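In what follows, a structure is listed as structure tokens, so that the remarks can point back to it.
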Amino acid sequence: MDVAGQLRAALAAQSLPPASHSFLAALVDSRTPPPPTASLIATAKARILACDLAKSGGGAILDGAAVGCFPAELGSARAEEVKLARDVHVQVVDVENLSLSRWEQIEELEAVERGERTRGREIVRVTADEDADEDAARAAGTQSRGGSHLQANQQAQAARNAVHRLTLQDGKGKTVYAIELKRMDRIGIGKTNIGEKMLLRAGTVVARGSVLLTPDKTVFLGGKVEAWHEAWMNGRLARLKAAVGADRPQ
């Protein structure tokens, strides 16, 4: 098997969308001698996960003819239930937490922007000059930690009970809604990237035009389209604030 064939087989084994022959050939020929196969696989994977799944034509990263797509009748709300006949690769173009009000969604997005979802614990030390206030500081710290733990537990419980709706796009540009039928930790504001790639396994149920996401039929591949993600974060926040308007809590 030639190097391009090895790359194609390795990428397929990771459930990634099929790469085009021209892309793999150009990648292999970019250096003489070619880089190690593992390096080529890593480069190809990164490029695939960062590309636009719906982009086809000359120079495209993906083989548009081989990428599985939604059937034409899928978006019809009149179709009570349909099962995908084949695996379909999709990319995320929108995510919404249906369990939150618009104002709560604003707070969630602003927290993500501040990095609060990923920030680690902060340790505050008292200096020797503050010994006189040690007892009071310890009491206040205990109360603060207790409140922080309670808030963290409440947020964790809310996250476990949340229901998210994704807007997914296939290789031909067709978009459909997708709803969590069972909670999946990989889905959420600050967790799901715009442009992230997913694989919907054959047998995935589509009811009334919406894909029903279940852990056994959903494969998260990762990735992000940087320009899309930044634009979505800014645009989503602006649209939510405009919708809330005068109803914003004081």
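Ordered as shown in the structure tokens, chains take letters A, B, and onward, while each chain numbers its residues from 1 and ligands are numbered from 1 in the order shown.
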**Asked** Do you know which residues are at most 10 Å from A:Val211 counting only C-alpha atoms, after dropping those on the same chain fewer than 4 positions away, and could you put them as a PyMOL selection string?
**Response** chain A and resi 74-75+81-84+165-168+176-181+200+204-207
Write the residues you've just listed into a file as a PDB file, in the first residue's frame, and include N, CA and C atoms for each of them.
```pdb
ATOM      1  N   LEU A  74     -35.143  14.273   4.937  1.00  0.00           N
ATOM      2  CA  LEU A  74     -34.890  14.268   6.371  1.00  0.00           C
ATOM      3  C   LEU A  74     -35.472  15.473   7.092  1.00  0.00           C
ATOM      4  N   GLY A  75     -35.422  16.638   6.479  1.00  0.00           N
ATOM      5  CA  GLY A  75     -35.849  17.848   7.170  1.00  0.00           C
ATOM      6  C   GLY A  75     -37.340  18.028   7.277  1.00  0.00           C
ATOM      7  N   GLU A  81     -40.808   9.394  11.905  1.00  0.00           N
ATOM      8  CA  GLU A  81     -39.558   8.800  12.347  1.00  0.00           C
ATOM      9  C   GLU A  81     -38.818   8.169  11.181  1.00  0.00           C
ATOM     10  N   VAL A  82     -37.536   8.510  11.055  1.00  0.00           N
ATOM     11  CA  VAL A  82     -36.678   7.957  10.017  1.00  0.00           C
ATOM     12  C   VAL A  82     -35.367   7.549  10.681  1.00  0.00           C
ATOM     13  N   LYS A  83     -34.774   6.461  10.198  1.00  0.00           N
ATOM     14  CA  LYS A  83     -33.455   6.058  10.683  1.00  0.00           C
ATOM     15  C   LYS A  83     -32.436   6.231   9.566  1.00  0.00           C
ATOM     16  N   LEU A  84     -31.280   6.777   9.914  1.00  0.00           N
ATOM     17  CA  LEU A  84     -30.234   6.955   8.913  1.00  0.00           C
ATOM     18  C   LEU A  84     -29.786   5.589   8.396  1.00  0.00           C
ATOM     19  N   ARG A 165     -29.712  21.759  22.216  1.00  0.00           N
ATOM     20  CA  ARG A 165     -30.096  21.600  20.813  1.00  0.00           C
ATOM     21  C   ARG A 165     -28.949  22.091  19.943  1.00  0.00           C
ATOM     22  N   LEU A 166     -28.487  21.219  19.067  1.00  0.00           N
ATOM     23  CA  LEU A 166     -27.443  21.566  18.117  1.00  0.00           C
ATOM     24  C   LEU A 166     -28.054  21.789  16.748  1.00  0.00           C
ATOM     25  N   THR A 167     -27.411  22.633  15.964  1.00  0.00           N
ATOM     26  CA  THR A 167     -27.710  22.710  14.540  1.00  0.00           C
ATOM     27  C   THR A 167     -26.538  22.074  13.821  1.00  0.00           C
ATOM     28  N   LEU A 168     -26.831  21.010  13.069  1.00  0.00           N
ATOM     29  CA  LEU A 168     -25.797  20.233  12.401  1.00  0.00           C
ATOM     30  C   LEU A 168     -25.870  20.435  10.894  1.00  0.00           C
ATOM     31  N   VAL A 176     -29.853  20.564   9.975  1.00  0.00           N
ATOM     32  CA  VAL A 176     -30.981  20.012  10.731  1.00  0.00           C
ATOM     33  C   VAL A 176     -30.727  20.263  12.205  1.00  0.00           C
ATOM     34  N   TYR A 177     -31.806  20.281  12.986  1.00  0.00           N
ATOM     35  CA  TYR A 177     -31.671  20.362  14.434  1.00  0.00           C
ATOM     36  C   TYR A 177     -31.359  18.981  14.993  1.00  0.00           C
ATOM     37  N   ALA A 178     -30.662  18.960  16.123  1.00  0.00           N
ATOM     38  CA  ALA A 178     -30.366  17.714  16.826  1.00  0.00           C
ATOM     39  C   ALA A 178     -30.570  17.945  18.313  1.00  0.00           C
ATOM     40  N   ILE A 179     -31.291  17.040  18.957  1.00  0.00           N
ATOM     41  CA  ILE A 179     -31.626  17.168  20.370  1.00  0.00           C
ATOM     42  C   ILE A 179     -31.005  16.015  21.150  1.00  0.00           C
ATOM     43  N   GLU A 180     -30.474  16.330  22.337  1.00  0.00           N
ATOM     44  CA  GLU A 180     -29.981  15.278  23.224  1.00  0.00           C
ATOM     45  C   GLU A 180     -31.153  14.441  23.718  1.00  0.00           C
ATOM     46  N   LEU A 181     -31.185  13.173  23.359  1.00  0.00           N
ATOM     47  CA  LEU A 181     -32.192  12.282  23.925  1.00  0.00           C
ATOM     48  C   LEU A 181     -31.731  11.783  25.285  1.00  0.00           C
ATOM     49  N   LEU A 200     -22.617  10.598  12.955  1.00  0.00           N
ATOM     50  CA  LEU A 200     -23.886   9.992  13.331  1.00  0.00           C
ATOM     51  C   LEU A 200     -23.924   8.595  12.729  1.00  0.00           C
ATOM     52  N   THR A 204     -29.223   6.014  13.517  1.00  0.00           N
ATOM     53  CA  THR A 204     -29.612   7.203  14.277  1.00  0.00           C
ATOM     54  C   THR A 204     -31.040   7.599  13.904  1.00  0.00           C
ATOM     55  N   VAL A 205     -31.862   7.870  14.914  1.00  0.00           N
ATOM     56  CA  VAL A 205     -33.272   8.186  14.680  1.00  0.00           C
ATOM     57  C   VAL A 205     -33.459   9.681  14.437  1.00  0.00           C
ATOM     58  N   VAL A 206     -34.263   9.995  13.447  1.00  0.00           N
ATOM     59  CA  VAL A 206     -34.661  11.375  13.165  1.00  0.00           C
ATOM     60  C   VAL A 206     -36.179  11.433  13.273  1.00  0.00           C
ATOM     61  N   ALA A 207     -36.692  12.228  14.210  1.00  0.00           N
ATOM     62  CA  ALA A 207     -38.129  12.324  14.442  1.00  0.00           C
ATOM     63  C   ALA A 207     -38.596  13.753  14.218  1.00  0.00           C
TER      64      ALA A 207
END
```
**Message:** Considering only C-alpha atoms, can you say which of A:Asp2, A:Glu230, A:Glu96, A:Asp52 comes closest to A:Glu108?
**Reply:** A:Glu96
**Request:** Do a neighbour search on stretch 68-70 of chain A at 7 Å with only C-alpha atoms, toss out local chain neighbours closer than 2 positions, and write the hits as an MDAnalysis selection string.
**Result:** chainID A and resid 66 72 74 87:89 170:172
Output for the residues just chosen: N, CA and C atoms as a JSON list (two decimals), in the first residue's frame:
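Generated file (again-v8.json):
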```
[["chain", "number", "residue", "atom", "x", "y", "z"],
["A", 66, "ALA", "N", -17.65, 10.95, -1.35],
["A", 66, "ALA", "CA", -17.62, 9.84, -0.40],
["A", 66, "ALA", "C", -18.16, 10.21, 0.98],
["A", 72, "ALA", "N", -32.65, 13.39, 1.41],
["A", 72, "ALA", "CA", -33.35, 14.62, 1.02],
["A", 72, "ALA", "C", -34.59, 14.89, 1.86],
["A", 74, "LEU", "N", -35.14, 14.27, 4.94],
["A", 74, "LEU", "CA", -34.89, 14.27, 6.37],
["A", 74, "LEU", "C", -35.47, 15.47, 7.09],
["A", 87, "ASP", "N", -23.73, 5.86, 7.86],
["A", 87, "ASP", "CA", -23.04, 6.83, 8.71],
["A", 87, "ASP", "C", -23.03, 8.19, 8.02],
["A", 88, "VAL", "N", -23.20, 9.25, 8.80],
["A", 88, "VAL", "CA", -23.21, 10.61, 8.25],
["A", 88, "VAL", "C", -22.28, 11.49, 9.09],
["A", 89, "HIS", "N", -21.30, 12.10, 8.44],
["A", 89, "HIS", "CA", -20.45, 13.08, 9.11],
["A", 89, "HIS", "C", -21.12, 14.45, 9.07],
["A", 170, "ASP", "N", -24.43, 18.88, 7.11],
["A", 170, "ASP", "CA", -23.75, 17.75, 6.47],
["A", 170, "ASP", "C", -22.83, 18.23, 5.34],
["A", 171, "GLY", "N", -22.28, 17.28, 4.60],
["A", 171, "GLY", "CA", -21.30, 17.61, 3.57],
["A", 171, "GLY", "C", -21.86, 18.36, 2.38],
["A", 172, "LYS", "N", -23.18, 18.39, 2.24],
["A", 172, "LYS", "CA", -23.81, 19.14, 1.15],
["A", 172, "LYS", "C", -24.38, 20.48, 1.60]]
```
**Asked** So what do you get for atom CA of A:Lys197 versus atom CA of A:Ala50, distance-wise?
**Response**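 So the answer is 8.7 Å.
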**Prompt:** Which residue gives the smallest distance to A:Gln169 among A:Gly223, A:Pro17, A:Gly195, A:Gly188, with only C-alpha atoms counted?
**Reply:**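 Ranking A:Gly223, A:Pro17, A:Gly195, A:Gly188 by distance to A:Gln169, first place goes to A:Gly195.
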